[in-house]
file my_file.pdb (PDB, C-alpha atoms)
ATOM      1  CA  MET A   1       0.000   0.000   0.000
ATOM      2  CA  THR A   2       1.639   3.246  -1.114
ATOM      3  CA  SER A   3      -1.295   5.654  -0.902
ATOM      4  CA  THR A   4      -4.033   6.630   1.504
ATOM      5  CA  THR A   5      -6.867   4.102   1.785
ATOM      6  CA  ILE A   6     -10.441   4.939   2.806
ATOM      7  CA  LYS A   7     -12.340   2.307   4.759
ATOM      8  CA  HIS A   8     -16.112   2.773   5.151
ATOM      9  CA  VAL A   9     -17.151   1.865   8.696
ATOM     10  CA  SER A  10     -20.102   2.106  11.055
ATOM     11  CA  TYR A  11     -20.402   1.864  14.822
ATOM     12  CA  ARG A  12     -23.093   2.119  17.467
ATOM     13  CA  ASN A  13     -24.101   5.543  18.751
ATOM     14  CA  LEU A  14     -26.832   6.296  21.332
ATOM     15  CA  GLY A  15     -29.611   4.276  19.688
ATOM     16  CA  TRP A  16     -28.549   4.219  16.053
ATOM     17  CA  ASP A  17     -25.448   3.664  13.954
ATOM     18  CA  SER A  18     -22.941   6.301  12.871
ATOM     19  CA  ALA A  19     -21.450   6.139   9.384
ATOM     20  CA  ALA A  20     -17.823   7.154   8.939
ATOM     21  CA  ASP A  21     -14.825   7.023   6.642
ATOM     22  CA  LEU A  22     -11.566   5.803   8.140
ATOM     23  CA  TYR A  23      -8.575   7.285   6.344
ATOM     24  CA  LEU A  24      -5.533   5.026   6.644
ATOM     25  CA  PRO A  25      -1.989   6.305   6.009
ATOM     26  CA  PRO A  26       0.327   5.115   3.231
ATOM     27  CA  GLY A  27       2.024   1.832   4.089
ATOM     28  CA  PHE A  28      -0.598   1.091   6.738
ATOM     29  CA  ASP A  29       0.268  -1.956   8.863
ATOM     30  CA  GLU A  30      -2.501  -3.193  11.157
ATOM     31  CA  LYS A  31       0.130  -4.705  13.462
ATOM     32  CA  LYS A  32       1.461  -1.241  14.325
ATOM     33  CA  LYS A  33       0.008   1.466  16.614
ATOM     34  CA  TYR A  34      -0.873   4.830  15.066
ATOM     35  CA  PRO A  35      -1.932   8.237  16.358
ATOM     36  CA  ALA A  36      -5.500   9.021  15.334
ATOM     37  CA  ILE A  37      -7.623  12.118  14.749
ATOM     38  CA  VAL A  38     -11.400  12.582  14.789
ATOM     39  CA  SER A  39     -12.550  14.998  12.060
ATOM     40  CA  THR A  40     -15.911  16.746  12.500
ATOM     41  CA  HIS A  41     -17.757  18.261   9.544
ATOM     42  CA  PRO A  42     -19.450  21.678   9.355
ATOM     43  CA  ILE A  43     -23.120  22.377  10.012
ATOM     44  CA  GLY A  44     -25.272  21.185   7.111
ATOM     45  CA  SER A  45     -22.345  19.229   5.699
ATOM     46  CA  CYS A  46     -21.209  15.603   5.534
ATOM     47  CA  LYS A  47     -18.057  13.515   5.849
ATOM     48  CA  GLU A  48     -17.380  13.597   2.088
ATOM     49  CA  GLN A  49     -16.942  17.347   2.264
ATOM     50  CA  THR A  50     -13.947  19.163   3.767
ATOM     51  CA  SER A  51     -13.648  17.151   7.014
ATOM     52  CA  GLY A  52     -12.880  13.945   5.129
ATOM     53  CA  ASN A  53     -11.779  14.522   1.547
ATOM     54  CA  VAL A  54      -9.540  17.507   2.374
ATOM     55  CA  TYR A  55      -8.301  17.458   5.979
ATOM     56  CA  GLY A  56      -8.874  13.767   6.627
ATOM     57  CA  ALA A  57      -6.998  12.757   3.493
ATOM     58  CA  GLY A  58      -4.278  15.340   4.099
ATOM     59  CA  LEU A  59      -3.551  14.254   7.663
ATOM     60  CA  ALA A  60      -3.686  10.557   6.730
ATOM     61  CA  LYS A  61      -0.923  11.171   4.183
ATOM     62  CA  GLU A  62       1.167  12.505   7.080
ATOM     63  CA  GLY A  63       0.856   9.248   9.032
ATOM     64  CA  PHE A  64      -2.320   9.687  11.074
ATOM     65  CA  ILE A  65      -5.423   7.529  11.082
ATOM     66  CA  VAL A  66      -8.356   9.920  10.599
ATOM     67  CA  LEU A  67     -12.014   9.171  11.295
ATOM     68  CA  ALA A  68     -14.413  11.491   9.444
ATOM     69  CA  PHE A  69     -17.994  10.749  10.486
ATOM     70  CA  ASP A  70     -21.500  11.890   9.596
ATOM     71  CA  ALA A  71     -23.388  13.618  12.393
ATOM     72  CA  SER A  72     -26.342  11.810  13.925
ATOM     73  CA  PHE A  73     -29.601  12.502  12.046
ATOM     74  CA  GLN A  74     -27.575  13.612   9.032
ATOM     75  CA  GLY A  75     -25.724  12.142   6.059
ATOM     76  CA  ALA A  76     -25.483   8.350   6.074
ATOM     77  CA  SER A  77     -25.734   8.115   9.867
ATOM     78  CA  GLY A  78     -28.908   6.964  11.585
ATOM     79  CA  GLY A  79     -31.287   8.776  13.897
ATOM     80  CA  GLU A  80     -34.738  10.314  13.556
ATOM     81  CA  PRO A  81     -36.035  12.884  12.885
ATOM     82  CA  ARG A  82     -33.682  13.829  10.062
ATOM     83  CA  TYR A  83     -31.723  17.088   9.791
ATOM     84  CA  MET A  84     -31.536  17.717  13.527
ATOM     85  CA  GLU A  85     -28.708  20.040  14.550
ATOM     86  CA  ASP A  86     -28.547  19.600  18.314
ATOM     87  CA  PRO A  87     -25.184  20.762  19.726
ATOM     88  CA  ALA A  88     -25.290  18.388  22.697
ATOM     89  CA  ILE A  89     -25.723  15.377  20.406
ATOM     90  CA  ARG A  90     -23.149  16.695  17.934
ATOM     91  CA  VAL A  91     -20.623  16.827  20.783
ATOM     92  CA  SER A  92     -21.732  13.372  21.920
ATOM     93  CA  ASP A  93     -21.025  12.144  18.364
ATOM     94  CA  ILE A  94     -17.376  13.117  18.827
ATOM     95  CA  ARG A  95     -17.185  11.089  22.038
ATOM     96  CA  TYR A  96     -18.626   8.044  20.267
ATOM     97  CA  ALA A  97     -16.092   8.511  17.484
ATOM     98  CA  ILE A  98     -13.327   8.397  20.095
ATOM     99  CA  ASP A  99     -14.890   5.270  21.591
ATOM    100  CA  TYR A 100     -14.716   3.633  18.183
ATOM    101  CA  LEU A 101     -11.113   4.656  17.537
ATOM    102  CA  GLN A 102     -10.069   3.270  20.907
ATOM    103  CA  SER A 103     -11.589  -0.072  19.977
ATOM    104  CA  LEU A 104      -9.236  -0.459  17.007
ATOM    105  CA  PRO A 105      -6.108  -2.493  17.812
ATOM    106  CA  TYR A 106      -3.924  -0.330  15.562
ATOM    107  CA  VAL A 107      -4.878   2.972  17.254
ATOM    108  CA  ASP A 108      -2.842   4.240  20.188
ATOM    109  CA  ALA A 109      -5.537   5.303  22.669
ATOM    110  CA  GLU A 110      -3.131   7.736  24.320
ATOM    111  CA  ARG A 111      -2.526   9.588  21.038
ATOM    112  CA  ILE A 112      -5.966  10.692  19.876
ATOM    113  CA  GLY A 113      -6.549  14.223  18.623
ATOM    114  CA  ALA A 114      -9.463  16.067  17.076
ATOM    115  CA  ILE A 115     -10.164  18.648  14.394
ATOM    116  CA  GLY A 116     -13.344  20.290  13.202
ATOM    117  CA  ILE A 117     -14.318  22.740  10.500
ATOM    118  CA  CYS A 118     -16.821  25.615  10.872
ATOM    119  CA  GLY A 119     -19.474  24.519  13.395
ATOM    120  CA  GLY A 120     -17.505  21.294  13.747
ATOM    121  CA  GLY A 121     -14.553  23.320  15.037
ATOM    122  CA  ALA A 122     -16.537  24.711  17.952
ATOM    123  CA  TYR A 123     -18.116  21.307  18.613
ATOM    124  CA  THR A 124     -14.591  19.893  18.809
ATOM    125  CA  ILE A 125     -13.587  22.554  21.319
ATOM    126  CA  HIS A 126     -16.636  21.833  23.462
ATOM    127  CA  ALA A 127     -15.934  18.092  23.352
ATOM    128  CA  ALA A 128     -12.307  18.614  24.384
ATOM    129  CA  ILE A 129     -13.341  20.764  27.357
ATOM    130  CA  THR A 130     -14.880  17.720  29.054
ATOM    131  CA  ASP A 131     -13.283  14.764  27.245
ATOM    132  CA  HIS A 132      -9.565  14.709  27.910
ATOM    133  CA  ARG A 133      -9.096  11.589  25.840
ATOM    134  CA  ILE A 134      -8.586  14.294  23.204
ATOM    135  CA  LYS A 135      -4.874  15.036  23.671
ATOM    136  CA  ALA A 136      -4.620  17.908  21.157
ATOM    137  CA  LEU A 137      -7.136  19.713  18.981
ATOM    138  CA  ALA A 138      -7.504  22.171  16.132
ATOM    139  CA  SER A 139     -10.457  24.359  15.238
ATOM    140  CA  ILE A 140     -10.442  25.269  11.546
ATOM    141  CA  THR A 141     -12.483  28.420  10.884
ATOM    142  CA  GLY A 142     -14.602  27.366  13.872
ATOM    143  CA  VAL A 143     -18.032  28.898  14.533
ATOM    144  CA  ASN A 144     -19.886  28.882  17.867
ATOM    145  CA  PHE A 145     -23.280  27.720  16.617
ATOM    146  CA  GLY A 146     -25.102  28.856  19.747
ATOM    147  CA  ARG A 147     -23.899  32.419  19.285
ATOM    148  CA  LEU A 148     -24.735  32.321  15.574
ATOM    149  CA  MET A 149     -28.265  31.106  16.324
ATOM    150  CA  ARG A 150     -28.813  33.877  18.869
ATOM    151  CA  GLU A 151     -27.522  36.462  16.401
ATOM    152  CA  GLY A 152     -27.537  36.197  12.617
ATOM    153  CA  PHE A 153     -29.561  32.988  12.271
ATOM    154  CA  SER A 154     -32.414  34.516  14.310
ATOM    155  CA  ASN A 155     -32.146  37.954  12.680
ATOM    156  CA  PHE A 156     -30.851  39.203  16.036
ATOM    157  CA  ASP A 157     -34.222  38.509  17.673
ATOM    158  CA  PRO A 158     -33.650  35.199  19.470
ATOM    159  CA  VAL A 159     -36.761  35.361  21.642
ATOM    160  CA  ALA A 160     -39.036  35.685  18.617
ATOM    161  CA  ALA A 161     -37.136  32.825  16.967
ATOM    162  CA  ILE A 162     -37.520  30.396  19.858
ATOM    163  CA  GLU A 163     -41.206  31.283  20.161
ATOM    164  CA  ALA A 164     -41.676  30.455  16.472
ATOM    165  CA  MET A 165     -39.750  27.212  16.929
ATOM    166  CA  ALA A 166     -41.962  26.299  19.910
ATOM    167  CA  LYS A 167     -45.121  26.824  17.855
ATOM    168  CA  GLN A 168     -43.735  24.741  15.015
ATOM    169  CA  ARG A 169     -42.717  21.894  17.322
ATOM    170  CA  THR A 170     -46.152  21.902  18.912
ATOM    171  CA  ALA A 171     -47.712  21.668  15.454
ATOM    172  CA  GLU A 172     -45.387  18.820  14.452
ATOM    173  CA  ALA A 173     -46.182  16.940  17.663
ATOM    174  CA  ALA A 174     -49.830  17.154  16.628
ATOM    175  CA  GLY A 175     -49.077  15.662  13.211
ATOM    176  CA  ALA A 176     -47.979  18.566  11.020
ATOM    177  CA  ALA A 177     -45.187  17.991   8.502
ATOM    178  CA  ARG A 178     -41.636  18.632   9.620
ATOM    179  CA  HIS A 179     -40.369  22.069   8.596
ATOM    180  CA  VAL A 180     -36.874  21.682   7.148
ATOM    181  CA  ILE A 181     -35.208  24.995   6.335
ATOM    182  CA  SER A 182     -32.283  25.652   4.031
ATOM    183  CA  TYR A 183     -29.494  27.627   5.633
ATOM    184  CA  LEU A 184     -28.532  29.016   2.217
ATOM    185  CA  PRO A 185     -30.113  30.497  -0.930
ATOM    186  CA  ASP A 186     -30.545  28.204  -3.936
ATOM    187  CA  SER A 187     -27.691  29.867  -5.824
ATOM    188  CA  VAL A 188     -25.232  32.744  -5.543
ATOM    189  CA  GLU A 189     -27.293  34.712  -8.041
ATOM    190  CA  ALA A 190     -30.493  34.098  -6.085
ATOM    191  CA  GLY A 191     -28.744  35.285  -2.946
ATOM    192  CA  LYS A 192     -27.571  38.486  -4.597
ATOM    193  CA  GLN A 193     -31.042  39.119  -6.021
ATOM    194  CA  ALA A 194     -32.410  38.762  -2.484
ATOM    195  CA  GLY A 195     -30.047  41.493  -1.353
ATOM    196  CA  ILE A 196     -27.496  39.258   0.347
ATOM    197  CA  SER A 197     -23.969  40.626   0.263
ATOM    198  CA  ASP A 198     -22.317  38.774   3.153
ATOM    199  CA  ILE A 199     -19.173  36.961   2.061
ATOM    200  CA  ASP A 200     -19.886  33.873   4.173
ATOM    201  CA  VAL A 201     -23.419  33.306   2.866
ATOM    202  CA  LEU A 202     -22.450  33.798  -0.767
ATOM    203  CA  GLU A 203     -19.262  31.731  -0.555
ATOM    204  CA  ALA A 204     -21.077  28.972   1.348
ATOM    205  CA  THR A 205     -23.649  28.856  -1.434
ATOM    206  CA  GLU A 206     -20.910  28.697  -4.044
ATOM    207  CA  TYR A 207     -19.342  25.769  -2.153
ATOM    208  CA  TYR A 208     -22.436  23.746  -1.254
ATOM    209  CA  LYS A 209     -24.655  24.430  -4.281
ATOM    210  CA  THR A 210     -22.164  23.910  -7.121
ATOM    211  CA  PRO A 211     -20.016  20.958  -8.220
ATOM    212  CA  ARG A 212     -17.111  22.456  -6.271
ATOM    213  CA  GLY A 213     -18.348  21.006  -2.968
ATOM    214  CA  GLN A 214     -21.784  19.559  -3.657
ATOM    215  CA  GLN A 215     -22.431  16.103  -2.230
ATOM    216  CA  PRO A 216     -25.692  14.118  -1.998
ATOM    217  CA  ASN A 217     -25.597  14.133   1.809
ATOM    218  CA  GLY A 218     -24.385  17.720   2.229
ATOM    219  CA  ALA A 219     -27.892  19.064   2.623
ATOM    220  CA  SER A 220     -27.108  22.514   4.131
ATOM    221  CA  SER A 221     -30.511  22.147   5.825
ATOM    222  CA  GLY A 222     -31.835  22.053   9.355
ATOM    223  CA  LEU A 223     -34.998  21.005  11.184
ATOM    224  CA  PHE A 224     -36.423  24.367  12.275
ATOM    225  CA  SER A 225     -38.412  23.199  15.286
ATOM    226  CA  PHE A 226     -35.388  21.499  16.866
ATOM    227  CA  ASN A 227     -32.982  24.409  16.363
ATOM    228  CA  SER A 228     -34.119  25.811  19.705
ATOM    229  CA  ALA A 229     -31.651  23.430  21.371
ATOM    230  CA  ALA A 230     -28.815  25.615  20.089
ATOM    231  CA  MET A 231     -30.252  28.876  21.389
ATOM    232  CA  GLY A 232     -29.061  28.385  24.968
ATOM    233  CA  TRP A 233     -25.809  26.615  24.077
ATOM    234  CA  ASP A 234     -22.283  28.026  24.241
ATOM    235  CA  ALA A 235     -19.348  26.132  22.743
ATOM    236  CA  PHE A 236     -16.774  27.839  24.955
ATOM    237  CA  ILE A 237     -18.259  27.564  28.450
ATOM    238  CA  ASN A 238     -15.644  26.611  31.086
ATOM    239  CA  ALA A 239     -12.815  26.786  28.524
ATOM    240  CA  GLU A 240     -10.743  28.944  30.889
ATOM    241  CA  VAL A 241     -10.618  26.165  33.480
ATOM    242  CA  LEU A 242     -11.093  22.865  31.640
ATOM    243  CA  LEU A 243      -9.625  23.330  28.152
ATOM    244  CA  THR A 244      -6.001  22.576  28.950
ATOM    245  CA  GLN A 245      -4.915  20.489  25.953
ATOM    246  CA  PRO A 246      -2.718  21.956  23.199
ATOM    247  CA  LEU A 247      -4.981  24.021  20.931
ATOM    248  CA  MET A 248      -4.557  25.371  17.417
ATOM    249  CA  VAL A 249      -6.998  27.893  15.957
ATOM    250  CA  VAL A 250      -6.923  28.272  12.160
ATOM    251  CA  MET A 251      -8.902  30.997  10.427
ATOM    252  CA  GLY A 252      -8.873  33.370   7.479
ATOM    253  CA  SER A 253      -8.222  37.058   7.893
ATOM    254  CA  LYS A 254     -11.402  38.040   6.009
ATOM    255  CA  PRO A 255     -14.300  38.262   8.490
ATOM    256  CA  GLY A 256     -17.781  37.140   7.460
ATOM    257  CA  GLY A 257     -21.248  37.015   8.911
ATOM    258  CA  PHE A 258     -20.920  33.510  10.384
ATOM    259  CA  GLY A 259     -18.351  34.882  12.821
ATOM    260  CA  ALA A 260     -15.385  32.492  12.667
ATOM    261  CA  TYR A 261     -12.969  35.420  12.968
ATOM    262  CA  ARG A 262     -14.417  36.735  16.220
ATOM    263  CA  ASP A 263     -15.020  33.240  17.626
ATOM    264  CA  GLY A 264     -11.438  32.254  16.811
ATOM    265  CA  TRP A 265      -9.960  35.161  18.716
ATOM    266  CA  GLU A 266     -12.386  34.603  21.587
ATOM    267  CA  ILE A 267     -11.435  30.970  22.208
ATOM    268  CA  TYR A 268      -7.767  31.720  21.662
ATOM    269  CA  GLY A 269      -7.989  34.236  24.473
ATOM    270  CA  ARG A 270     -10.201  32.192  26.779
ATOM    271  CA  ALA A 271      -8.646  28.719  26.511
ATOM    272  CA  GLY A 272      -6.692  27.545  29.530
ATOM    273  CA  SER A 273      -4.252  25.699  27.254
ATOM    274  CA  LYS A 274      -0.595  26.480  27.943
ATOM    275  CA  ASP A 275       0.219  25.657  24.311
ATOM    276  CA  LYS A 276      -2.241  27.564  22.127
ATOM    277  CA  ARG A 277      -1.498  28.774  18.645
ATOM    278  CA  MET A 278      -3.258  31.084  16.214
ATOM    279  CA  VAL A 279      -2.818  30.461  12.498
ATOM    280  CA  LEU A 280      -4.189  33.401  10.513
ATOM    281  CA  ALA A 281      -4.424  32.778   6.777
ATOM    282  CA  GLU A 282      -3.864  36.298   5.481
ATOM    283  CA  GLY A 283      -6.097  37.304   2.578
ATOM    284  CA  TRP A 284      -8.276  34.186   2.751
ATOM    285  CA  SER A 285     -11.872  33.676   3.865
ATOM    286  CA  HIS A 286     -13.871  31.102   5.803
ATOM    287  CA  TYR A 287     -14.798  28.996   2.762
ATOM    288  CA  ASP A 288     -11.392  29.307   1.135
ATOM    289  CA  LEU A 289     -10.137  27.121   4.001
ATOM    290  CA  TYR A 290     -12.587  24.368   3.060
ATOM    291  CA  ASP A 291     -10.817  23.237  -0.082
ATOM    292  CA  LYS A 292      -8.758  25.868  -1.911
ATOM    293  CA  PRO A 293      -5.228  24.520  -2.344
ATOM    294  CA  GLU A 294      -3.217  27.517  -1.139
ATOM    295  CA  PRO A 295      -4.982  28.264   2.171
ATOM    296  CA  VAL A 296      -5.408  24.535   2.886
ATOM    297  CA  ALA A 297      -1.660  24.104   2.335
ATOM    298  CA  LEU A 298      -1.026  26.960   4.778
ATOM    299  CA  ALA A 299      -3.231  25.236   7.348
ATOM    300  CA  MET A 300      -1.698  21.808   6.783
ATOM    301  CA  ALA A 301       1.821  23.227   7.137
ATOM    302  CA  GLU A 302       0.895  24.147  10.719
ATOM    303  CA  LEU A 303      -1.461  21.293  11.593
ATOM    304  CA  THR A 304       0.952  18.508  10.656
ATOM    305  CA  PRO A 305       3.869  19.446  12.944
ATOM    306  CA  PHE A 306       1.432  20.448  15.701
ATOM    307  CA  PHE A 307      -0.160  17.001  15.804
ATOM    308  CA  LYS A 308       3.152  15.212  15.295
ATOM    309  CA  GLN A 309       4.474  17.028  18.365
ATOM    310  CA  HIS A 310       1.503  16.312  20.599
ATOM    311  CA  LEU A 311       0.227  12.896  19.472
TER     312      LEU A 311
END

call {"tool": "encode", "arguments": {"input": "my_file.pdb", "output": "structure tokens"}}
result
Amino acid sequence: MTSTTIKHVSYRNLGWDSAADLYLPPGFDEKKKYPAIVSTHPIGSCKEQTSGNVYGAGLAKEGFIVLAFDASFQGASGGEPRYMEDPAIRVSDIRYAIDYLQSLPYVDAERIGAIGICGGGAYTIHAAITDHRIKALASITGVNFGRLMREGFSNFDPVAAIEAMAKQRTAEAAGAARHVISYLPDSVEAGKQAGISDIDVLEATEYYKTPRGQQPNGASSGLFSFNSAAMGWDAFINAEVLLTQPLMVVMGSKPGGFGAYRDGWEIYGRAGSKDKRMVLAEGWSHYDLYDKPEPVALAMAELTPFFKQHL
């Protein structure tokens, strides 16, 4: 074996199975012990998008085993109702991914790290705060979904939003159809025609709604009535005291409406980690770091030695 191999796997989660891709390094030998990394995808995404095909593949080439999984209720993973984006369960998914990695005889359980992209970056931080099986972690253009829900995703009126969600959930409990919303316009042009100018929304649409990043399971959708779970959630709570592992924050220098720039600086300042590093990709944006060769290469040039040092 001279190249990276992808092994499709599944494992038990709370009451359903999680689907994942296991990226194995070149020259993989199941008799050896390897460091491993859990890779968590963005909100509305799937394992075949940046968490797996870009960062999973890239880190596997550097000698790590990488597990890129689909969130519960999303992608090829189980769980009903579909399209739920519940931060507590998303963080729980990361713990189950670690459980699975530890069960593999060729994974060194004392050398497990974690990365996440966009919302997955903040989920990874929250998981590491209370799960110190994660020995080192990196947040790549990470977004605190709770903050985003209270702000931009609720049009800065969170109380009205949670009241609308409550009414919708009541209706669904009485038999109404589930209300699945799209987080993005149908196309970049449609977004511009609707008056949208934010770089993150338009670039997300260009990634998720065109062949560049489009995947069958990358729905960029959410179940409206269940989004209330994110309203009272904060990815960074207790980070000052409990987040002590080595931390790397990677983000572009171009701020956008999803807030990775501000969230990145916030967790960099708040984390209790003695070894914490900021990697600022000058001149690049949030979605450039998903798959564009130059900014991804900048990120990988920092991520690889960081994980080799700490795992």

call {"tool": "resolve_selection", "arguments": {"input": "my_file.pdb", "expression": "the PyMOL selection byres ((chain A and resi 143-159) around 8)", "output": "list in words"}}
result
Pro87, Cys118, Gly119, Gly120, Gly121, Ala122, Tyr123, Thr141, Gly142, Ala160, Ala161, Ile162, Glu163, Ala230, Met231, Gly232, Trp233, Asp234, Ala235, Phe236, Gly257, Phe258, Gly259, Ala260, Asp263 and Gly264 of chain A

call {"tool": "residues_around", "arguments": {"input": "my_file.pdb", "residues": "region 246-255 of chain A", "least_positions_apart": "2", "cutoff": "6 Å", "atoms": "all atoms listed in the file", "output": "PyMOL selection string"}}
result
chain A and resi 136-141+261+273+275-286

call {"tool": "write_last_selection", "arguments": {"input": "my_file.pdb", "atoms": "C-alpha atoms", "output": "PDB file, keeping the file's coordinate frame"}}
result
ATOM      1  CA  ALA A 136      -4.620  17.908  21.157  1.00  0.00           C
ATOM      2  CA  LEU A 137      -7.136  19.713  18.981  1.00  0.00           C
ATOM      3  CA  ALA A 138      -7.504  22.171  16.132  1.00  0.00           C
ATOM      4  CA  SER A 139     -10.457  24.359  15.238  1.00  0.00           C
ATOM      5  CA  ILE A 140     -10.442  25.269  11.546  1.00  0.00           C
ATOM      6  CA  THR A 141     -12.483  28.420  10.884  1.00  0.00           C
ATOM      7  CA  TYR A 261     -12.969  35.420  12.968  1.00  0.00           C
ATOM      8  CA  SER A 273      -4.252  25.699  27.254  1.00  0.00           C
ATOM      9  CA  ASP A 275       0.219  25.657  24.311  1.00  0.00           C
ATOM     10  CA  LYS A 276      -2.241  27.564  22.127  1.00  0.00           C
ATOM     11  CA  ARG A 277      -1.498  28.774  18.645  1.00  0.00           C
ATOM     12  CA  MET A 278      -3.258  31.084  16.214  1.00  0.00           C
ATOM     13  CA  VAL A 279      -2.818  30.461  12.498  1.00  0.00           C
ATOM     14  CA  LEU A 280      -4.189  33.401  10.513  1.00  0.00           C
ATOM     15  CA  ALA A 281      -4.424  32.778   6.777  1.00  0.00           C
ATOM     16  CA  GLU A 282      -3.864  36.298   5.481  1.00  0.00           C
ATOM     17  CA  GLY A 283      -6.097  37.304   2.578  1.00  0.00           C
ATOM     18  CA  TRP A 284      -8.276  34.186   2.751  1.00  0.00           C
ATOM     19  CA  SER A 285     -11.872  33.676   3.865  1.00  0.00           C
ATOM     20  CA  HIS A 286     -13.871  31.102   5.803  1.00  0.00           C
TER      21      HIS A 286
END

call {"tool": "closest_residue", "arguments": {"input": "my_file.pdb", "among": "A:Phe69, A:Met165, A:Lys192, A:Asp21", "to": "Ala229 (chain A)", "atoms": "only C-alpha atoms"}}
result
A:Met165

call {"tool": "residues_around", "arguments": {"input": "my_file.pdb", "residues": "Thr210 (chain A)", "least_positions_apart": "6", "cutoff": "10 Å", "atoms": "all atoms listed in the file", "output": "PyMOL selection string"}}
result
chain A and resi 186-188+204

call {"tool": "resolve_selection", "arguments": {"input": "my_file.pdb", "expression": "the PyMOL selection byres ((chain A and resi 41) around 8)", "output": "list in words"}}
result
Ser39, Thr40, Pro42, Ile43, Ser45, Cys46, Lys47, Gln49, Thr50, Ser51, Gly52, Ala68, Phe69, Asp70, Ala71, Gly116, Ile117, Cys118, Gly119 and Gly120 of chain A

call {"tool": "atom_distance", "arguments": {"input": "my_file.pdb", "atom1": "CA of Tyr290 (chain A)", "atom2": "CA of Phe224 (chain A)"}}
result
25.6 Å

call {"tool": "resolve_selection", "arguments": {"input": "my_file.pdb", "expression": "the PyMOL selection byres ((chain A and resi 30-35) around 10)", "output": "JSON, numbers by chain"}}
result
{"A": [24, 25, 27, 28, 29, 36, 37, 63, 64, 65, 66, 101, 104, 105, 106, 107, 108, 109, 110, 111, 112, 113, 307, 308, 310, 311]}

call {"tool": "write_last_selection", "arguments": {"input": "my_file.pdb", "atoms": "C-alpha atoms", "output": "PDB file, keeping the file's coordinate frame"}}
result
ATOM      1  CA  LEU A  24      -5.533   5.026   6.644  1.00  0.00           C
ATOM      2  CA  PRO A  25      -1.989   6.305   6.009  1.00  0.00           C
ATOM      3  CA  GLY A  27       2.024   1.832   4.089  1.00  0.00           C
ATOM      4  CA  PHE A  28      -0.598   1.091   6.738  1.00  0.00           C
ATOM      5  CA  ASP A  29       0.268  -1.956   8.863  1.00  0.00           C
ATOM      6  CA  ALA A  36      -5.500   9.021  15.334  1.00  0.00           C
ATOM      7  CA  ILE A  37      -7.623  12.118  14.749  1.00  0.00           C
ATOM      8  CA  GLY A  63       0.856   9.248   9.032  1.00  0.00           C
ATOM      9  CA  PHE A  64      -2.320   9.687  11.074  1.00  0.00           C
ATOM     10  CA  ILE A  65      -5.423   7.529  11.082  1.00  0.00           C
ATOM     11  CA  VAL A  66      -8.356   9.920  10.599  1.00  0.00           C
ATOM     12  CA  LEU A 101     -11.113   4.656  17.537  1.00  0.00           C
ATOM     13  CA  LEU A 104      -9.236  -0.459  17.007  1.00  0.00           C
ATOM     14  CA  PRO A 105      -6.108  -2.493  17.812  1.00  0.00           C
ATOM     15  CA  TYR A 106      -3.924  -0.330  15.562  1.00  0.00           C
ATOM     16  CA  VAL A 107      -4.878   2.972  17.254  1.00  0.00           C
ATOM     17  CA  ASP A 108      -2.842   4.240  20.188  1.00  0.00           C
ATOM     18  CA  ALA A 109      -5.537   5.303  22.669  1.00  0.00           C
ATOM     19  CA  GLU A 110      -3.131   7.736  24.320  1.00  0.00           C
ATOM     20  CA  ARG A 111      -2.526   9.588  21.038  1.00  0.00           C
ATOM     21  CA  ILE A 112      -5.966  10.692  19.876  1.00  0.00           C
ATOM     22  CA  GLY A 113      -6.549  14.223  18.623  1.00  0.00           C
ATOM     23  CA  PHE A 307      -0.160  17.001  15.804  1.00  0.00           C
ATOM     24  CA  LYS A 308       3.152  15.212  15.295  1.00  0.00           C
ATOM     25  CA  HIS A 310       1.503  16.312  20.599  1.00  0.00           C
ATOM     26  CA  LEU A 311       0.227  12.896  19.472  1.00  0.00           C
TER      27      LEU A 311
END

call {"tool": "residues_around", "arguments": {"input": "my_file.pdb", "residues": "Gln74 (chain A)", "least_positions_apart": "5", "cutoff": "12 Å", "atoms": "only C-alpha atoms", "output": "mmCIF file with C-alpha atoms, in the frame of the given file"}}
result
data_model
loop_
_atom_site.group_PDB
_atom_site.id
_atom_site.type_symbol
_atom_site.label_atom_id
_atom_site.label_comp_id
_atom_site.auth_asym_id
_atom_site.auth_seq_id
_atom_site.Cartn_x
_atom_site.Cartn_y
_atom_site.Cartn_z
ATOM 1 C CA TRP A 16 -28.549 4.219 16.053
ATOM 2 C CA ASP A 17 -25.448 3.664 13.954
ATOM 3 C CA SER A 18 -22.941 6.301 12.871
ATOM 4 C CA ALA A 19 -21.450 6.139 9.384
ATOM 5 C CA ALA A 20 -17.823 7.154 8.939
ATOM 6 C CA HIS A 41 -17.757 18.261 9.544
ATOM 7 C CA PRO A 42 -19.450 21.678 9.355
ATOM 8 C CA ILE A 43 -23.120 22.377 10.012
ATOM 9 C CA GLY A 44 -25.272 21.185 7.111
ATOM 10 C CA SER A 45 -22.345 19.229 5.699
ATOM 11 C CA CYS A 46 -21.209 15.603 5.534
ATOM 12 C CA LYS A 47 -18.057 13.515 5.849
ATOM 13 C CA PHE A 69 -17.994 10.749 10.486
ATOM 14 C CA GLY A 79 -31.287 8.776 13.897
ATOM 15 C CA GLU A 80 -34.738 10.314 13.556
ATOM 16 C CA PRO A 81 -36.035 12.884 12.885
ATOM 17 C CA ARG A 82 -33.682 13.829 10.062
ATOM 18 C CA TYR A 83 -31.723 17.088 9.791
ATOM 19 C CA MET A 84 -31.536 17.717 13.527
ATOM 20 C CA GLU A 85 -28.708 20.040 14.550
ATOM 21 C CA ASP A 86 -28.547 19.600 18.314
ATOM 22 C CA ILE A 89 -25.723 15.377 20.406
ATOM 23 C CA ARG A 90 -23.149 16.695 17.934
ATOM 24 C CA ASP A 93 -21.025 12.144 18.364
ATOM 25 C CA PRO A 216 -25.692 14.118 -1.998
ATOM 26 C CA ASN A 217 -25.597 14.133 1.809
ATOM 27 C CA GLY A 218 -24.385 17.720 2.229
ATOM 28 C CA ALA A 219 -27.892 19.064 2.623
ATOM 29 C CA SER A 220 -27.108 22.514 4.131
ATOM 30 C CA SER A 221 -30.511 22.147 5.825
ATOM 31 C CA GLY A 222 -31.835 22.053 9.355
ATOM 32 C CA LEU A 223 -34.998 21.005 11.184
#
